[in-house]
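Structure data (mmCIF, C-alpha atoms and all ligand atoms) from upload.cif:
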data_entry
#
loop_
_atom_site.label_atom_id
_atom_site.label_comp_id
_atom_site.auth_asym_id
_atom_site.auth_seq_id
_atom_site.Cartn_x
_atom_site.Cartn_y
_atom_site.Cartn_z
CA MET A 1 -4.01 -6.05 -19.26
CA PRO A 2 -7.39 -6.65 -20.92
CA ASP A 3 -7.33 -6.30 -24.72
CA PHE A 4 -9.37 -3.50 -26.25
CA ALA A 5 -12.46 -5.60 -26.96
CA VAL A 6 -12.54 -7.01 -23.43
CA ALA A 7 -12.08 -3.56 -21.90
CA ALA A 8 -14.80 -2.11 -24.12
CA GLY A 9 -17.14 -4.93 -23.11
CA VAL A 10 -16.46 -4.26 -19.43
CA MET A 11 -16.66 -0.47 -19.63
CA ARG A 12 -20.11 -0.65 -21.22
CA HIS A 13 -21.37 -1.75 -17.81
CA PHE A 14 -20.26 1.46 -16.09
CA GLU A 15 -22.00 4.85 -15.96
CA ILE A 16 -19.80 6.56 -18.56
CA ASP A 17 -21.01 8.33 -21.69
CA GLY A 18 -18.93 8.38 -24.84
CA GLU A 19 -16.79 5.91 -26.69
CA LEU A 20 -13.71 4.03 -25.53
CA VAL A 21 -10.78 5.01 -27.74
CA SER A 22 -7.80 3.35 -26.05
CA VAL A 23 -6.74 1.27 -23.08
CA GLU A 24 -3.24 0.68 -21.76
CA ALA A 25 -1.59 -1.00 -18.78
CA TYR A 26 -0.89 1.42 -15.94
CA GLY A 27 1.12 1.53 -12.68
CA SER A 28 3.42 -1.01 -11.06
CA GLY A 29 1.32 -2.75 -8.39
CA HIS A 30 1.95 -6.37 -7.45
CA ILE A 31 -1.67 -7.47 -7.01
CA ASN A 32 -4.39 -6.00 -9.24
CA ASP A 33 -4.37 -5.36 -12.99
CA THR A 34 -4.63 -1.64 -13.56
CA SER A 35 -5.32 0.06 -16.91
CA CYS A 36 -5.95 3.58 -18.08
CA ALA A 37 -9.01 3.82 -20.34
CA VAL A 38 -9.53 6.88 -22.54
CA PHE A 39 -13.01 7.90 -23.66
CA GLN A 40 -14.05 10.32 -26.37
CA ARG A 41 -16.91 12.40 -25.05
CA ARG A 42 -18.70 15.46 -26.35
CA GLU A 43 -16.59 17.68 -24.04
CA GLY A 44 -13.32 16.04 -25.18
CA LEU A 45 -11.15 13.15 -24.00
CA ALA A 46 -11.64 11.76 -20.48
CA ARG A 47 -9.48 9.18 -18.70
CA PHE A 48 -10.51 6.51 -16.22
CA ILE A 49 -8.69 3.92 -14.11
CA LEU A 50 -9.99 0.42 -14.83
CA GLN A 51 -8.96 -2.30 -12.36
CA ARG A 52 -9.51 -6.00 -12.43
CA ILE A 53 -9.58 -7.01 -8.78
CA ASN A 54 -7.32 -9.96 -7.98
CA THR A 55 -9.97 -12.43 -6.80
CA HIS A 56 -7.32 -15.00 -5.91
CA ILE A 57 -6.29 -12.64 -3.08
CA PHE A 58 -9.64 -10.86 -2.63
CA PRO A 59 -12.22 -13.61 -3.24
CA ASN A 60 -15.03 -11.49 -1.79
CA PRO A 61 -15.38 -8.20 -3.67
CA GLU A 62 -18.69 -7.19 -2.02
CA PRO A 63 -17.32 -6.39 1.48
CA LEU A 64 -14.11 -5.03 -0.01
CA MET A 65 -16.00 -2.58 -2.24
CA GLU A 66 -18.39 -1.71 0.57
CA ASN A 67 -15.38 -0.64 2.68
CA ILE A 68 -13.99 1.46 -0.17
CA GLN A 69 -17.34 3.06 -0.82
CA ARG A 70 -17.86 3.98 2.85
CA VAL A 71 -14.33 5.33 3.22
CA THR A 72 -14.33 7.40 0.02
CA THR A 73 -17.81 8.81 0.74
CA HIS A 74 -16.72 9.82 4.25
CA LEU A 75 -13.49 11.43 3.01
CA ALA A 76 -15.29 13.27 0.20
CA ALA A 77 -17.79 14.72 2.67
CA LEU A 78 -15.04 15.86 5.07
CA MET A 79 -13.02 17.52 2.31
CA ALA A 80 -15.92 18.93 0.28
CA ASN A 81 -14.93 22.54 1.02
CA GLU A 82 -11.21 22.16 0.37
CA ARG A 83 -9.56 23.52 -2.77
CA GLY A 84 -9.52 20.88 -5.52
CA ALA A 85 -11.62 18.55 -3.35
CA ASP A 86 -12.36 16.14 -6.21
CA ARG A 87 -8.63 15.39 -6.61
CA ARG A 88 -8.13 14.64 -2.91
CA VAL A 89 -10.11 11.44 -2.74
CA LEU A 90 -10.77 8.55 -5.12
CA THR A 91 -14.17 8.65 -6.82
CA LEU A 92 -15.72 5.35 -7.84
CA VAL A 93 -17.73 5.29 -11.07
CA PRO A 94 -20.78 3.11 -10.39
CA ALA A 95 -21.81 0.23 -12.62
CA ARG A 96 -25.08 0.73 -14.50
CA ASP A 97 -26.88 -1.52 -12.02
CA GLY A 98 -25.84 0.83 -9.20
CA LYS A 99 -23.19 -1.49 -7.72
CA PRO A 100 -19.65 -0.23 -7.10
CA PHE A 101 -18.16 -2.97 -9.34
CA TYR A 102 -19.06 -5.24 -12.24
CA ARG A 103 -18.74 -9.02 -12.27
CA ASP A 104 -18.28 -10.55 -15.74
CA ARG A 105 -19.42 -14.00 -16.87
CA GLU A 106 -16.05 -15.57 -15.98
CA ASP A 107 -16.33 -14.18 -12.45
CA GLY A 108 -13.80 -11.43 -13.15
CA CYS A 109 -14.51 -8.39 -10.96
CA TRP A 110 -13.89 -4.89 -12.26
CA ARG A 111 -14.07 -1.39 -10.84
CA VAL A 112 -13.57 2.05 -12.31
CA TYR A 113 -12.28 5.28 -10.74
CA LYS A 114 -12.25 8.79 -12.14
CA PHE A 115 -8.71 9.55 -13.24
CA ILE A 116 -7.00 12.18 -11.10
CA GLU A 117 -5.23 14.36 -13.65
CA GLY A 118 -2.05 16.36 -13.11
CA ALA A 119 -0.63 14.03 -10.48
CA ARG A 120 1.58 10.96 -10.36
CA THR A 121 3.07 8.27 -8.12
CA TYR A 122 6.76 7.59 -7.45
CA ASN A 123 8.44 4.32 -6.50
CA THR A 124 11.27 6.08 -4.65
CA ALA A 125 11.27 9.33 -2.71
CA ALA A 126 14.11 11.23 -4.49
CA ASN A 127 13.95 14.07 -1.95
CA ALA A 128 12.96 14.73 1.65
CA GLU A 129 10.05 16.93 0.66
CA ARG A 130 8.40 14.02 -1.11
CA ALA A 131 8.90 11.78 1.92
CA PHE A 132 7.37 14.49 4.13
CA GLU A 133 4.39 14.89 1.82
CA SER A 134 3.70 11.15 1.63
CA ALA A 135 3.69 10.71 5.40
CA LYS A 136 1.58 13.81 5.89
CA ALA A 137 -0.96 12.44 3.39
CA PHE A 138 -1.17 8.99 5.04
CA GLY A 139 -1.38 10.58 8.50
CA HIS A 140 -4.17 12.86 7.30
CA PHE A 141 -5.97 9.84 5.83
CA GLN A 142 -5.84 8.08 9.21
CA LYS A 143 -6.91 11.22 11.01
CA MET A 144 -9.98 11.72 8.85
CA LEU A 145 -11.03 8.13 9.50
CA VAL A 146 -10.78 8.36 13.28
CA ASN A 147 -14.46 9.25 13.39
CA LEU A 148 -15.73 7.03 10.59
CA PRO A 149 -19.31 6.24 11.64
CA GLY A 150 -19.92 2.56 12.48
CA PRO A 151 -20.26 -0.33 11.93
CA ARG A 152 -16.66 -1.60 12.03
CA LEU A 153 -15.18 -1.98 8.52
CA HIS A 154 -14.96 -5.52 7.17
CA ASP A 155 -11.73 -7.29 8.02
CA ILE A 156 -10.87 -8.01 4.39
CA LEU A 157 -7.70 -10.03 5.01
CA PRO A 158 -7.72 -11.29 8.61
CA GLY A 159 -4.28 -11.28 10.20
CA PHE A 160 -2.84 -9.24 7.29
CA HIS A 161 -0.30 -7.48 9.50
CA ASN A 162 -0.08 -10.11 12.19
CA THR A 163 3.69 -10.62 11.98
CA PRO A 164 3.78 -13.76 14.20
CA ARG A 165 1.27 -15.38 11.82
CA ARG A 166 3.46 -14.40 8.87
CA TYR A 167 6.30 -16.27 10.62
CA GLU A 168 4.06 -19.33 10.98
CA ALA A 169 3.33 -19.31 7.23
CA PHE A 170 7.05 -18.88 6.57
CA GLU A 171 7.92 -21.86 8.80
CA ARG A 172 5.26 -24.01 7.10
CA VAL A 173 6.64 -23.35 3.65
CA ILE A 174 10.18 -24.15 4.81
CA ALA A 175 8.95 -27.48 6.19
CA GLU A 176 7.05 -28.30 2.98
CA ASP A 177 9.60 -26.90 0.51
CA PRO A 178 7.10 -27.37 -2.36
CA VAL A 179 9.39 -26.24 -5.20
CA GLY A 180 12.76 -27.24 -3.74
CA ARG A 181 14.08 -23.71 -3.18
CA VAL A 182 14.89 -23.95 0.53
CA ALA A 183 18.46 -25.19 0.10
CA SER A 184 19.44 -22.21 -2.05
CA ALA A 185 17.90 -19.65 0.31
CA ARG A 186 19.63 -20.73 3.54
CA ALA A 187 21.29 -17.36 4.21
CA GLU A 188 18.00 -15.45 3.87
CA ILE A 189 16.13 -17.99 6.00
CA GLU A 190 18.74 -17.67 8.73
CA PHE A 191 18.53 -13.88 8.63
CA ALA A 192 14.75 -14.03 9.06
CA VAL A 193 14.84 -16.60 11.85
CA ALA A 194 17.32 -14.43 13.78
CA ARG A 195 14.80 -11.55 13.79
CA LYS A 196 11.79 -13.49 14.96
CA SER A 197 11.79 -11.82 18.38
CA VAL A 198 10.68 -8.49 16.86
CA ALA A 199 7.51 -10.06 15.42
CA ASN A 200 5.40 -9.72 18.58
CA VAL A 201 6.30 -6.17 19.49
CA LEU A 202 3.19 -4.45 18.14
CA VAL A 203 0.62 -7.23 18.60
CA ASP A 204 1.61 -7.46 22.29
CA ALA A 205 1.69 -3.69 22.88
CA ASP A 206 -2.02 -3.17 23.54
CA LEU A 207 -2.40 -0.46 20.92
CA PRO A 208 -5.77 0.99 19.83
CA GLU A 209 -7.48 -0.46 16.80
CA ARG A 210 -8.01 2.20 14.14
CA VAL A 211 -9.10 2.44 10.53
CA THR A 212 -5.82 2.11 8.69
CA HIS A 213 -4.68 1.86 5.09
CA ASN A 214 -2.38 -1.15 5.52
CA ASP A 215 -0.52 -0.69 2.22
CA THR A 216 1.20 2.66 2.67
CA LYS A 217 3.86 2.21 0.03
CA LEU A 218 5.18 5.47 -1.26
CA ASN A 219 3.61 4.68 -4.64
CA ASN A 220 0.14 4.65 -3.12
CA VAL A 221 0.10 8.44 -2.85
CA LEU A 222 -0.58 10.72 -5.81
CA PHE A 223 1.61 13.85 -5.83
CA ASP A 224 0.45 17.00 -7.55
CA ASP A 225 2.63 17.73 -10.62
CA ALA A 226 2.55 21.48 -10.07
CA THR A 227 3.03 21.78 -6.30
CA GLY A 228 4.51 18.43 -5.24
CA GLU A 229 1.83 18.12 -2.56
CA GLY A 230 0.74 14.58 -1.63
CA ILE A 231 -2.86 15.12 -2.64
CA CYS A 232 -4.55 11.74 -2.68
CA VAL A 233 -4.12 8.38 -0.97
CA ILE A 234 -4.99 5.55 -3.38
CA ASP A 235 -5.08 1.72 -3.45
CA LEU A 236 -7.72 1.27 -0.76
CA ASP A 237 -8.23 -2.52 -0.98
CA THR A 238 -6.71 -3.12 2.43
CA THR A 239 -8.26 -0.16 4.26
CA MET A 240 -9.72 -1.91 7.30
CA PRO A 241 -9.29 -2.16 11.07
CA GLY A 242 -5.60 -2.15 11.98
CA LEU A 243 -2.74 -0.49 13.83
CA ALA A 244 -1.56 3.01 12.89
CA LEU A 245 2.06 1.95 13.33
CA TYR A 246 2.04 -0.63 10.54
CA ASP A 247 1.13 2.24 8.24
CA PHE A 248 3.96 4.38 9.57
CA GLY A 249 6.31 1.40 9.33
CA ASP A 250 5.55 0.79 5.67
CA MET A 251 6.30 4.45 4.92
CA VAL A 252 9.75 3.96 6.45
CA ARG A 253 10.22 0.74 4.47
CA THR A 254 9.36 2.28 1.12
CA ALA A 255 10.33 5.95 1.32
CA THR A 256 13.75 5.80 2.99
CA SER A 257 15.42 3.43 0.53
CA PRO A 258 16.70 5.11 -2.64
CA VAL A 259 16.07 2.11 -4.91
CA ASP A 260 13.24 -0.09 -6.18
CA GLU A 261 11.98 -3.00 -4.11
CA ASP A 262 13.58 -5.55 -6.50
CA GLU A 263 16.95 -3.81 -6.92
CA ARG A 264 19.74 -6.35 -7.43
CA ASP A 265 22.65 -4.10 -6.51
CA LEU A 266 22.27 -4.42 -2.75
CA ALA A 267 25.05 -1.93 -2.08
CA ARG A 268 22.59 0.76 -3.14
CA VAL A 269 20.02 -0.12 -0.47
CA GLU A 270 20.12 1.98 2.68
CA MET A 271 17.86 3.64 5.22
CA GLN A 272 18.50 7.30 4.44
CA PHE A 273 18.27 9.19 7.71
CA PRO A 274 17.11 12.55 6.22
CA MET A 275 14.19 10.72 4.61
CA PHE A 276 13.31 9.14 7.94
CA GLU A 277 13.34 12.55 9.60
CA ALA A 278 11.10 13.97 6.85
CA LEU A 279 8.67 11.05 7.28
CA MET A 280 8.51 11.56 11.03
CA ARG A 281 7.89 15.28 10.64
CA GLY A 282 5.28 14.76 7.94
CA TYR A 283 3.46 12.03 9.84
CA LEU A 284 3.43 13.94 13.12
CA SER A 285 2.18 17.08 11.34
CA SER A 286 -1.08 15.29 10.54
CA ALA A 287 -1.27 12.33 12.95
CA GLY A 288 0.48 13.85 15.97
CA SER A 289 -2.80 15.17 17.33
CA PHE A 290 -4.53 11.81 17.74
CA LEU A 291 -1.75 9.27 18.40
CA THR A 292 -1.67 7.92 21.95
CA ASP A 293 1.50 7.88 24.05
CA ALA A 294 1.78 4.11 23.56
CA GLU A 295 1.66 4.56 19.78
CA LYS A 296 4.25 7.33 19.90
CA ARG A 297 6.56 5.12 21.98
CA HIS A 298 6.49 2.45 19.28
CA LEU A 299 7.17 4.70 16.28
CA ALA A 300 10.87 3.83 16.33
CA VAL A 301 10.40 0.08 15.93
CA ALA A 302 7.63 0.18 13.30
CA GLY A 303 9.89 0.52 10.26
CA LYS A 304 12.08 -2.43 11.20
CA LEU A 305 9.11 -4.60 12.11
CA ILE A 306 7.22 -4.10 8.87
CA THR A 307 10.40 -4.57 6.84
CA VAL A 308 10.97 -7.91 8.59
CA GLU A 309 7.34 -8.82 7.85
CA GLN A 310 7.60 -7.81 4.18
CA GLY A 311 10.95 -9.56 3.79
CA ILE A 312 9.53 -12.86 5.06
CA ARG A 313 6.41 -12.40 2.91
CA PHE A 314 8.57 -12.11 -0.23
CA LEU A 315 10.75 -15.01 0.93
CA THR A 316 7.71 -17.15 1.72
CA ASP A 317 6.35 -16.49 -1.77
CA HIS A 318 9.71 -17.33 -3.36
CA LEU A 319 9.83 -20.62 -1.44
CA ALA A 320 6.19 -21.34 -2.33
CA GLY A 321 6.87 -20.94 -6.06
CA ASP A 322 5.75 -17.31 -6.66
CA THR A 323 2.04 -17.78 -6.15
CA TYR A 324 1.12 -14.41 -4.57
CA TYR A 325 3.07 -11.43 -5.93
CA LYS A 326 3.29 -10.79 -9.66
CA VAL A 327 6.75 -11.62 -10.99
CA SER A 328 8.31 -10.78 -14.34
CA ARG A 329 11.61 -12.64 -13.98
CA PRO A 330 13.09 -15.60 -12.10
CA ASN A 331 14.06 -14.99 -8.47
CA GLN A 332 12.31 -11.62 -8.36
CA ASN A 333 10.73 -12.39 -5.01
CA LEU A 334 14.11 -13.48 -3.66
CA ASP A 335 15.60 -10.20 -4.89
CA ARG A 336 12.75 -8.31 -3.22
CA CYS A 337 13.41 -10.20 0.01
CA ARG A 338 17.11 -9.35 -0.17
CA THR A 339 16.48 -5.60 -0.46
CA GLN A 340 14.24 -5.81 2.62
CA PHE A 341 16.90 -7.63 4.62
CA ARG A 342 19.58 -5.21 3.49
CA LEU A 343 17.37 -2.34 4.60
CA ILE A 344 16.91 -3.97 8.01
CA GLY A 345 20.69 -4.15 8.39
CA SER A 346 20.89 -0.43 7.65
CA ILE A 347 18.04 0.35 10.09
CA GLU A 348 19.75 -1.69 12.82
CA LYS A 349 22.87 0.47 12.50
CA GLN A 350 20.83 3.65 12.96
CA GLU A 351 18.30 2.54 15.57
CA GLU A 352 19.73 4.64 18.36
CA ALA A 353 19.79 7.80 16.24
CA MET A 354 16.21 7.13 15.13
CA GLU A 355 15.08 6.85 18.73
CA MET A 356 16.85 10.07 19.70
CA LEU A 357 15.27 11.94 16.81
CA ILE A 358 11.81 10.68 17.69
CA ALA A 359 12.25 11.74 21.32
CA ARG A 360 13.28 15.22 20.16
CA LEU A 361 10.37 15.58 17.73
CA LEU A 362 7.87 14.38 20.32
CA ASP A 363 9.24 16.96 22.77
CA GLU A 364 8.82 19.65 20.11
CA LEU A 365 5.26 18.47 19.50
CA ALA A 366 4.41 18.55 23.19
CA GLY A 367 6.03 21.95 23.07
P1 LIG B 401 -2.14 -1.75 -7.29
O1 LIG B 401 -2.98 -2.44 -6.27
O2 LIG B 401 -1.88 -2.62 -8.46
O3 LIG B 401 -0.90 -1.16 -6.68
P2 LIG B 401 -3.20 0.98 -7.50
O4 LIG B 401 -4.61 1.20 -7.04
O5 LIG B 401 -2.13 1.45 -6.61
O6 LIG B 401 -3.04 -0.56 -7.88
O7 LIG B 401 -3.07 1.67 -8.91
C1 LIG B 401 -1.94 1.46 -9.76
C2 LIG B 401 -1.45 2.80 -10.32
O8 LIG B 401 -2.50 3.45 -11.05
C3 LIG B 401 -1.06 3.80 -9.25
O9 LIG B 401 0.27 3.65 -8.89
C4 LIG B 401 -1.33 5.14 -9.92
O10 LIG B 401 -0.22 5.52 -10.70
C5 LIG B 401 -2.48 4.86 -10.85
N1 LIG B 401 -3.79 5.28 -10.31
C6 LIG B 401 -4.62 4.57 -9.52
N2 LIG B 401 -5.76 5.24 -9.28
C7 LIG B 401 -5.66 6.41 -9.94
C8 LIG B 401 -6.55 7.55 -10.14
N3 LIG B 401 -7.77 7.57 -9.62
N4 LIG B 401 -6.10 8.56 -10.91
C9 LIG B 401 -4.88 8.53 -11.49
N5 LIG B 401 -4.02 7.50 -11.37
C10 LIG B 401 -4.39 6.45 -10.60
C1 LIG B 402 1.31 -5.45 -2.44
O1 LIG B 402 -0.81 -3.95 -4.47
P1 LIG B 402 0.47 -3.41 -4.00
O2 LIG B 402 1.59 -3.64 -4.95
O3 LIG B 402 0.30 -1.93 -3.61
C2 LIG B 402 0.76 -6.03 -1.13
C3 LIG B 402 1.31 -5.23 0.04
C4 LIG B 402 2.82 -5.27 0.02
C5 LIG B 402 3.33 -4.75 -1.32
C6 LIG B 402 4.82 -4.90 -1.42
C7 LIG B 402 -2.87 -6.94 -0.79
O4 LIG B 402 0.82 -4.14 -2.60
O5 LIG B 402 0.85 -5.79 1.27
O6 LIG B 402 3.35 -4.51 1.07
O7 LIG B 402 2.72 -5.46 -2.42
N1 LIG B 402 -0.70 -6.00 -1.13
C8 LIG B 402 -1.41 -7.07 -0.72
O8 LIG B 402 5.28 -4.19 -2.50
O9 LIG B 402 -0.88 -8.11 -0.33
MG MG B 403 -0.64 0.46 -5.47
#
Show me this structure written as structure tokens.
Amino acid sequence: MPDFAVAAGVMRHFEIDGELVSVEAYGSGHINDTSCAVFQRREGLARFILQRINTHIFPNPEPLMENIQRVTTHLAALMANERGADRRVLTLVPARDGKPFYRDREDGCWRVYKFIEGARTYNTAANAERAFESAKAFGHFQKMLVNLPGPRLHDILPGFHNTPRRYEAFERVIAEDPVGRVASARAEIEFAVARKSVANVLVDADLPERVTHNDTKLNNVLFDDATGEGICVIDLDTTMPGLALYDFGDMVRTATSPVDEDERDLARVEMQFPMFEALMRGYLSSAGSFLTDAEKRHLAVAGKLITVEQGIRFLTDHLAGDTYYKVSRPNQNLDRCRTQFRLIGSIEKQEEAMEMLIARLLDELAG
């Protein structure tokens, strides 16, 4: 988190009147540094989200911010007449030079969003209604972007959800073993290698390219405190061309397990079937109208596939010496990998039931 003086120096470059009174670390993301900045203005206190973009992972903020600007402007226009429209889409605060971000003298890149009040994120779903709401919100987000006027969005991280390429990176790090951790992760490596055949399922399926979010963790939806509605999809860094099913898959990965991603008590990790059903119903309620038959046919495999991909990403980072995801304790990436693999085991036991449910819900939809 930036200290107060640094934050004040940065915030001066944004179109905000008033005086910064406090700044504190916010959220639990693995990539960017997020803070909440409070301003004293004539009308009273006002909060803002200040983010330092991780330029190690996103070295090119211009195209990234151009994507976010185009997407948020499009969504705001489509929802302009809805109740509480300004809480349903992120609003960037421009820098004083008119750009959507500010670059400091050390090449740090910063952006500011209006704070959406009266809403919060959750790391775990707690109940089926929340799972339903999250999937409905992400499906709605995809639906509203089906007709995003051209040109194609920038491909911010090429191959981001190309699972076979993730396997290649995984195999490279095993061969190099840069920090000597391979020997102590044999069981996890074996588990991952045994699931390699699933990696190609979506890339080989000839599915339509869409504008997708690509980081549809449960905690990237803001839920209204009063109604529980999933009101706003946030964390738009990876919104770019992609496959709808990776988004659905990541909902299954993050909303069906009752525990945090780095839980050490693996007995607590499971794919909770009622949550899966709620996700399917929520997603189909908003995305059912535009998904093609080929996409619908692959809904069942998406959760397992993305959980395999995420598991090997965490394992790759552990073997590489924790260079990508933020860690706050030793072996955290290994723990994160283990929860993913445990979840896969639980999905594998329920695959048939998942397929049957999907067939039933698709029949209902076709009605
Ligand atoms: P990260 O990439 O680190 O996950 P996010 O963009 O998801 O960053 O933001 C981190 C946290 O900040 C979110 O989980 C959410 O709680 C909060 N947050 C982000 N944007 C807003 C906003 N506009 N209004 C209110 N809270 C927000
Ligand atoms: C990262 O920023 P955050 O925490 O929402 C990652 C996602 C992973 C996720 C796993 C740009 O997302 O791809 O699924 O961690 N984002 C990037 O928790 O790599
Ligand atoms: Mg996030």
Report as CSV the residues of segment 91-117 of chain A within 9 Å of segment 14-30 of chain A, each with its shortest atom pair and distance in Å (one decimal), using only C-alpha atoms, ordered by chain and increasing residue number.
residue,atom,partner,partner_atom,distance
A:Val93,CA,A:Glu15,CA,6.5
A:Pro94,CA,A:Phe14,CA,6.0
A:Ala95,CA,A:Phe14,CA,4.0
A:Arg96,CA,A:Phe14,CA,5.1
A:Asp97,CA,A:Phe14,CA,8.3
A:Gly98,CA,A:Glu15,CA,8.8
A:Phe101,CA,A:Phe14,CA,8.3
A:Tyr102,CA,A:Phe14,CA,7.8
A:Arg111,CA,A:Phe14,CA,8.6
A:Val112,CA,A:Phe14,CA,7.7
For segment 106-126 of chain A against segment 207-228 of chain A, with a cut-off of 6 Å and counting only C-alpha atoms, what is the closest atom pair and its distance in Å to one decimal for every residue that makes the cut, ordered by chain and number, as CSV?
residue,atom,partner,partner_atom,distance
A:Gly118,CA,A:Asp225,CA,5.5
A:Ala119,CA,A:Asp224,CA,4.3
A:Arg120,CA,A:Leu222,CA,5.0
A:Thr121,CA,A:Leu222,CA,5.0
A:Tyr122,CA,A:Asn219,CA,5.1
A:Asn123,CA,A:Asn219,CA,5.2
Could you list, with a cut-off of 10 Å and counting only C-alpha atoms, the residues of segment 248-365 of chain A near segment 36-59 of chain A, each shown with its nearest atom pair and the distance in Å rounded to one decimal, rows sorted by chain and ascending number, as JSON lines?
{"residue": "A:Thr323", "atom": "CA", "partner": "A:His56", "partner_atom": "CA", "distance": 9.8}
{"residue": "A:Tyr324", "atom": "CA", "partner": "A:Ile57", "partner_atom": "CA", "distance": 7.8}
{"residue": "A:Tyr325", "atom": "CA", "partner": "A:Ile57", "partner_atom": "CA", "distance": 9.9}
Next, write the just-selected residues to a file, as a tab-separated table (two decimals), in the coordinates of the input, keeping C-alpha atoms as the atom set.
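Dumped everything to result_8.tsv:
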chain	number	residue	atom	x	y	z
A	323	THR	CA	2.04	-17.78	-6.15
A	324	TYR	CA	1.12	-14.41	-4.57
A	325	TYR	CA	3.07	-11.43	-5.93
Task: Distance in Å - atom CA of Gly303 of chain A versus atom CA of Phe248 of chain A - done: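 Interatomic distance here is 7.1 Å.
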Task: One-decimal distance in Å that lies between atom CA of Tyr246 of chain A and atom O4 of ligand LIG 402 (chain B) - done: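 One can read the atom O4 of ligand LIG 402 (chain B) to atom CA of Tyr246 of chain A distance as 13.7 Å.
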Open item on the list: I need the residue nearest Trp110 of chain A from this list: A:Arg264, A:Arg83, A:Lys143, A:Arg12. Use all atoms listed in the file for the distance.
Closed with: A:Arg12
- [ ] Just give me the gap between atom CA of Val89 of chain A and atom CA of Ser289 of chain A in Å, one decimal is fine.
- [x] 21.7 Å
- [ ] Counting all atoms listed in the file, figure out which residue out of A:Leu365, A:Leu299, A:Ile231, A:Ala192 gets nearest to ligand LIG 401 (chain B).
- [x]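 For ligand LIG 401 (chain B), the nearest of the candidates is A:Ile231.
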Open item on the list: I'd like the neighbourhood of Arg268 of chain A as a ChimeraX atom specification, where a residue qualifies if any of its atoms comes within 9 Å (using only C-alpha atoms), though same-chain residues fewer than 3 positions away should be ignored.
Closed with: /A:257-259,263-265
TODO: Find the residue from A:Ser134, A:Thr254, A:Asn200, A:Asn333 that sits nearest to Leu305 of chain A; use all atoms listed in the file when measuring.
DONE: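 Ranked by minimum distance to Leu305 of chain A, first place goes to A:Asn200.
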